[in-house]
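The structure appears right after this line, and notes come after that.
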Amino acid sequence: MNTNKESKSSQQNRLFPDNFLWGASTSHFQIEGNRFEINNRLSDWSQWTQDPTHVADQTNADHACEFVERYASDLDLITTLNLNAFRLSLNWAAICPEPSTANELKINREMIDFYRRVLQTAKNKNIKIFVTLFHFCLPQWLAEEGGWTNEKTAYEFARFAKIAAQELGDLVDFWQTLNEPLSYAYESYINGIWPPGFKNEHTKCFRVIRNQLIGHAAAYKAIHEIENSAQVSYAVHWRSFIPRNMNNPLDLFVSYCRNKIFNHLFLMAVQSGQLPCPFPFSLFKELKNLAGPIADLKDSADFLGINYYTREICEFSSSAPFIPLGIRSDFRIMPVNALGWESCPATLLRLLTVDTRPYHKNSKGKERPIYITENGYGTRFAANLSSGDWSLRDEDRGEYLHSHLLSVYQAIKAGVNIKGYLHWSLLDNFEWAEGLQIRFGLVRIAYPSQERTLRDSARLYSEIAGSNSLINYKL
Ligand code: IFM
């Protein structure tokens, strides 16, 4: 891949706004290799990955990228790449390894000190920080009490948010309470590939969504009570759902339902303060009982945090006809990544300019800034590769990055208030049920040696970020 200078005037046409945030995203479990958590199996994910059959390539995140030891040089990479923003998540299980009582807060000060060091290092480099509070991993003591199916988790989450804001708030620029709450609910309670591994538990899944909303609203309030001007939101994972067969009313129906639930349910609830019932039929009475108003939820998003990767083709399944969600289709039209996810930058443009429009302003008409807090491309290379130039020439990722940034640029030109883009991910990392083999990094990790090497996509991204403009490029 090489970059190809356009004429000055056409480059100027593709300038991003001043102070645009160019960043990279991560999450704690996927990169940390946190000895305190791992040795004591403090989280549901560190427990879950003890069973190798839970992970496609039978790897685990016990070492991951060793970010706990290597954070300083990893933050140097942010600067090397001309980036000015970094997103990470806090290790709830390691910060709160056991339940607190009404009178005594049981927190691990060493972990707080660790995050203060990380955040202070970033601040010294003028890197803006996005902190996520729940990125799929629960403290094991809460998982044992039913995790997010138990309303108690929502209140414990708010307590954790308060601790985080008190201890770290001076070093945080943006808070995201929950990462992709619908992905979590779906993979953990419908698909069954994440802990606790339930399959097709629709009522439990809806209870999880309700409790996540309660937790989000309470965390939003707790952070604002400590810092009124804090910027707090969550991250929605947006997928556009396309019917397999446009002429089949059942395919149309299931894609409508998936879109309404996966994309809109949480956003609508935050906008209105009420959890809508996804299926308003008497058949789903239990779901109906869970719907309704939630305290402090209305307008609990100061910005929109959008994670976008792909669209999804779906179809009606006659094997589960009473489940209006249908299934993911195997049918693909666009080029795919190693996970079979279609690259579809036009979908990003549409979601930014049209689909998310109802949420661009809060209910009082105040415009929300928009940040793309994840977007990236996964390739597949075994975890044990240690040498060779495998995967450094990642034209496919470069193409994905460039074409999606073009959509971001076009949306900005169309008047959408986008203030930043954070690529997933800075480093190769542990991709949940897929393990270490799926690589999303701008920076390649050779796990046996932990060596970091910039991929071509990282060089391309650094040119774009450094010039604050979408340079032309040729494969
Ligand atoms: O790796 C994940 C991340 O944890 C959440 N968003 C999607 C990414 C790629 O699957």
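Labels for the structure tokens follow display order: chains A, B, ..., residues from 1 in each chain, ligands from 1.
Taking only C-alpha atoms, the non-local environment of Leu105 (chain A) within 12 Å (same-chain residues fewer than 4 positions away omitted) comprises Ile95, Cys96, Pro97, Glu98, Pro99, Ser100, Thr101, Arg109, Glu156, Arg159, Phe160, Lys162 and Ile163 of chain A.
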Env. residues ligand 1 / 10 Å / only C-alpha atoms and all ligand atoms / as a ChimeraX atom specification: /A:25-30,135-136,179-180,183-184,235-237,307-309,339,341,373-378,424-425,428-435,438-440
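Distance check against Ala85 (chain A) using only C-alpha atoms: of A:Glu151, A:Asp173, A:Glu312, A:Asp389, the minimum falls on A:Asp173.
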In region 289-475 of chain A, DSSP helix (DSSP H, G or I) residues written as a VMD selection string: chain A and resid 289 to 290 345 to 355 357 to 359 395 to 413 432 to 437 456 to 467
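When the distance limit is 10 Å and only C-alpha atoms are what count, the residues near Asp18 (chain A), minus those fewer than 3 positions from it on the same chain, are Leu15, Leu21, Lys419 and Asn468 of chain A.
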Counting only C-alpha atoms, the residue of A:Gln274, A:Asn417, A:Ser317, A:Thr53 that sits nearest Ile372 (chain A): A:Asn417
Pairwise distance for CA of Glu367 (chain A) and CA of Pro278 (chain A), rounded to one decimal in Å: 27.1 Å
List every residue of region 351-394 of chain A that has an atom at most 8 Å from any atom of region 445-465 of chain A, and for each one report the closest atom pair and its distance in Å to one decimal, counting only C-alpha atoms, with rows sorted by chain and then by increasing residue number, as a Markdown table.
| residue | atom | partner | partner_atom | distance |
| --- | --- | --- | --- | --- |
| A:Ala383 | CA | A:Tyr447 | CA | 6.3 |
| A:Asn384 | CA | A:Pro448 | CA | 6.2 |
| A:Leu385 | CA | A:Ala446 | CA | 6.1 |
| A:Ser386 | CA | A:Ala446 | CA | 5.0 |
| A:Ser387 | CA | A:Ala446 | CA | 7.3 |
| A:Ser391 | CA | A:Arg455 | CA | 7.4 |
| A:Leu392 | CA | A:Arg455 | CA | 4.5 |
| A:Arg393 | CA | A:Asp456 | CA | 5.5 |
| A:Asp394 | CA | A:Asp456 | CA | 6.1 |
Selection file, N, CA and C atoms, as a PDB file, in the first residue's frame:
ATOM      1  N   ALA A 383      -2.494 -17.640  17.129  1.00  0.00           N
ATOM      2  CA  ALA A 383      -1.930 -16.918  18.278  1.00  0.00           C
ATOM      3  C   ALA A 383      -0.451 -17.197  18.473  1.00  0.00           C
ATOM      4  N   ASN A 384       0.024 -18.379  18.020  1.00  0.00           N
ATOM      5  CA  ASN A 384       1.411 -18.740  18.348  1.00  0.00           C
ATOM      6  C   ASN A 384       2.432 -18.236  17.328  1.00  0.00           C
ATOM      7  N   LEU A 385       2.020 -17.438  16.356  1.00  0.00           N
ATOM      8  CA  LEU A 385       2.993 -16.917  15.375  1.00  0.00           C
ATOM      9  C   LEU A 385       3.940 -15.948  16.059  1.00  0.00           C
ATOM     10  N   SER A 386       5.243 -16.168  15.845  1.00  0.00           N
ATOM     11  CA  SER A 386       6.180 -15.297  16.548  1.00  0.00           C
ATOM     12  C   SER A 386       7.116 -14.548  15.620  1.00  0.00           C
ATOM     13  N   SER A 387       7.312 -15.057  14.397  1.00  0.00           N
ATOM     14  CA  SER A 387       8.236 -14.339  13.527  1.00  0.00           C
ATOM     15  C   SER A 387       7.701 -14.365  12.100  1.00  0.00           C
ATOM     16  N   SER A 391       0.886 -10.678   8.026  1.00  0.00           N
ATOM     17  CA  SER A 391      -0.172  -9.719   8.361  1.00  0.00           C
ATOM     18  C   SER A 391       0.258  -8.262   8.514  1.00  0.00           C
ATOM     19  N   LEU A 392       1.511  -7.936   8.191  1.00  0.00           N
ATOM     20  CA  LEU A 392       1.860  -6.512   8.290  1.00  0.00           C
ATOM     21  C   LEU A 392       1.326  -5.733   7.106  1.00  0.00           C
ATOM     22  N   ARG A 393       1.222  -6.401   5.958  1.00  0.00           N
ATOM     23  CA  ARG A 393       0.685  -5.719   4.773  1.00  0.00           C
ATOM     24  C   ARG A 393      -0.823  -5.994   4.717  1.00  0.00           C
ATOM     25  N   ASP A 394      -1.547  -5.190   5.461  1.00  0.00           N
ATOM     26  CA  ASP A 394      -2.980  -5.436   5.644  1.00  0.00           C
ATOM     27  C   ASP A 394      -3.807  -4.471   4.787  1.00  0.00           C
TER      28      ASP A 394
END
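The closest residue to Glu32 (chain A), picked from A:Tyr71, A:Trp48, A:Phe16, A:Tyr189 and counting only C-alpha atoms, is A:Tyr71.
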All residues 12 Å or closer to Ala346 (chain A), only C-alpha atoms, same chain fewer than 3 positions away omitted, as a PyMOL selection string: chain A and resi 240+308-311+334+342-343+349-354+400+403-411
Backbone-only DSSP, strand (DSSP E or B) members of region 279-432 of chain A, as a PyMOL selection string: chain A and resi 292-293+304-315+327-328+336+342+361+367+370-374+379-380+418-424+427
So that I have them on file, write out the residues from the current selection with N, CA and C atoms, as an mmCIF file, in the first residue's frame.
data_model
loop_
_atom_site.group_PDB
_atom_site.id
_atom_site.type_symbol
_atom_site.label_atom_id
_atom_site.label_comp_id
_atom_site.auth_asym_id
_atom_site.auth_seq_id
_atom_site.Cartn_x
_atom_site.Cartn_y
_atom_site.Cartn_z
ATOM 1 N N GLY A 292 -41.562 -0.396 30.622
ATOM 2 C CA GLY A 292 -42.104 0.721 31.413
ATOM 3 C C GLY A 292 -41.033 1.702 31.822
ATOM 4 N N PRO A 293 -41.429 2.717 32.613
ATOM 5 C CA PRO A 293 -40.494 3.791 32.965
ATOM 6 C C PRO A 293 -39.343 3.325 33.859
ATOM 7 N N LEU A 304 -23.435 10.808 21.682
ATOM 8 C CA LEU A 304 -23.770 9.495 21.102
ATOM 9 C C LEU A 304 -22.466 8.765 20.827
ATOM 10 N N GLY A 305 -22.323 7.585 21.406
ATOM 11 C CA GLY A 305 -21.133 6.769 21.131
ATOM 12 C C GLY A 305 -21.562 5.600 20.266
ATOM 13 N N ILE A 306 -21.052 5.559 19.050
ATOM 14 C CA ILE A 306 -21.525 4.535 18.102
ATOM 15 C C ILE A 306 -20.390 3.591 17.722
ATOM 16 N N ASN A 307 -20.626 2.295 17.882
ATOM 17 C CA ASN A 307 -19.694 1.279 17.390
ATOM 18 C C ASN A 307 -20.311 0.680 16.139
ATOM 19 N N TYR A 308 -19.567 0.724 15.057
ATOM 20 C CA TYR A 308 -20.110 0.170 13.799
ATOM 21 C C TYR A 308 -19.053 -0.683 13.109
ATOM 22 N N TYR A 309 -19.456 -1.867 12.675
ATOM 23 C CA TYR A 309 -18.566 -2.758 11.930
ATOM 24 C C TYR A 309 -19.155 -3.214 10.608
ATOM 25 N N THR A 310 -20.443 -3.612 10.652
ATOM 26 C CA THR A 310 -20.981 -4.319 9.501
ATOM 27 C C THR A 310 -22.504 -4.238 9.468
ATOM 28 N N ARG A 311 -23.056 -4.637 8.339
ATOM 29 C CA ARG A 311 -24.501 -4.852 8.291
ATOM 30 C C ARG A 311 -24.740 -6.357 8.468
ATOM 31 N N GLU A 312 -25.978 -6.749 8.615
ATOM 32 C CA GLU A 312 -26.238 -8.179 8.799
ATOM 33 C C GLU A 312 -27.445 -8.599 7.973
ATOM 34 N N ILE A 313 -27.271 -9.634 7.175
ATOM 35 C CA ILE A 313 -28.392 -10.150 6.391
ATOM 36 C C ILE A 313 -29.100 -11.192 7.265
ATOM 37 N N CYS A 314 -30.425 -11.101 7.350
ATOM 38 C CA CYS A 314 -31.110 -12.047 8.233
ATOM 39 C C CYS A 314 -32.318 -12.657 7.535
ATOM 40 N N GLU A 315 -32.769 -13.772 8.085
ATOM 41 C CA GLU A 315 -33.884 -14.468 7.445
ATOM 42 C C GLU A 315 -34.759 -15.131 8.500
ATOM 43 N N ILE A 327 -32.980 -15.458 12.136
ATOM 44 C CA ILE A 327 -31.579 -15.878 12.331
ATOM 45 C C ILE A 327 -30.665 -15.090 11.383
ATOM 46 N N ARG A 328 -29.382 -15.131 11.694
ATOM 47 C CA ARG A 328 -28.385 -14.552 10.788
ATOM 48 C C ARG A 328 -28.299 -15.424 9.550
ATOM 49 N N VAL A 336 -15.931 -9.722 2.750
ATOM 50 C CA VAL A 336 -16.055 -10.004 4.188
ATOM 51 C C VAL A 336 -14.694 -10.054 4.879
ATOM 52 N N GLU A 342 -19.490 -8.401 6.515
ATOM 53 C CA GLU A 342 -19.392 -7.644 5.268
ATOM 54 C C GLU A 342 -18.852 -6.230 5.524
ATOM 55 N N LYS A 361 -30.377 14.672 18.907
ATOM 56 C CA LYS A 361 -30.677 15.721 19.903
ATOM 57 C C LYS A 361 -31.358 15.055 21.081
ATOM 58 N N GLU A 367 -28.366 19.484 20.894
ATOM 59 C CA GLU A 367 -27.626 18.598 19.992
ATOM 60 C C GLU A 367 -26.545 17.812 20.728
ATOM 61 N N ILE A 370 -21.297 13.462 18.392
ATOM 62 C CA ILE A 370 -21.263 12.033 18.053
ATOM 63 C C ILE A 370 -19.807 11.584 17.957
ATOM 64 N N TYR A 371 -19.510 10.473 18.584
ATOM 65 C CA TYR A 371 -18.180 9.867 18.461
ATOM 66 C C TYR A 371 -18.358 8.437 17.961
ATOM 67 N N ILE A 372 -17.577 8.075 16.954
ATOM 68 C CA ILE A 372 -17.516 6.668 16.559
ATOM 69 C C ILE A 372 -16.517 6.065 17.539
ATOM 70 N N THR A 373 -16.986 5.223 18.459
ATOM 71 C CA THR A 373 -16.057 4.737 19.489
ATOM 72 C C THR A 373 -15.484 3.353 19.157
ATOM 73 N N GLU A 374 -15.974 2.744 18.065
ATOM 74 C CA GLU A 374 -15.340 1.533 17.528
ATOM 75 C C GLU A 374 -15.685 1.404 16.056
ATOM 76 N N THR A 379 -8.780 -9.807 11.001
ATOM 77 C CA THR A 379 -8.116 -10.810 10.151
ATOM 78 C C THR A 379 -7.795 -12.015 11.035
ATOM 79 N N ARG A 380 -7.357 -13.103 10.425
ATOM 80 C CA ARG A 380 -7.118 -14.314 11.230
ATOM 81 C C ARG A 380 -5.671 -14.796 11.085
ATOM 82 N N ILE A 418 -20.237 15.097 14.073
ATOM 83 C CA ILE A 418 -19.298 14.037 14.490
ATOM 84 C C ILE A 418 -17.998 14.685 14.947
ATOM 85 N N LYS A 419 -17.589 14.324 16.149
ATOM 86 C CA LYS A 419 -16.438 14.997 16.763
ATOM 87 C C LYS A 419 -15.210 14.105 16.891
ATOM 88 N N GLY A 420 -15.383 12.813 16.589
ATOM 89 C CA GLY A 420 -14.207 11.959 16.737
ATOM 90 C C GLY A 420 -14.445 10.564 16.208
ATOM 91 N N TYR A 421 -13.328 9.885 15.941
ATOM 92 C CA TYR A 421 -13.354 8.518 15.413
ATOM 93 C C TYR A 421 -12.288 7.730 16.157
ATOM 94 N N LEU A 422 -12.673 6.622 16.759
ATOM 95 C CA LEU A 422 -11.690 5.785 17.455
ATOM 96 C C LEU A 422 -11.724 4.396 16.833
ATOM 97 N N HIS A 423 -10.599 3.995 16.268
ATOM 98 C CA HIS A 423 -10.535 2.726 15.552
ATOM 99 C C HIS A 423 -10.415 1.567 16.543
ATOM 100 N N TRP A 424 -11.113 0.486 16.266
ATOM 101 C CA TRP A 424 -10.920 -0.765 17.008
ATOM 102 C C TRP A 424 -9.999 -1.640 16.181
ATOM 103 N N LEU A 427 -4.345 -2.496 19.400
ATOM 104 C CA LEU A 427 -3.506 -3.709 19.400
ATOM 105 C C LEU A 427 -4.340 -4.920 19.009
#
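In terms of minimum interatomic distance to Leu90 (chain A), A:Gln176 ranks closest within A:Gln176, A:Asn126, A:Thr121, A:Gln271, counting only C-alpha atoms.
Coordinates place CA of Ala56 (chain A) at a distance of 9.2 Å from CA of Leu436 (chain A).
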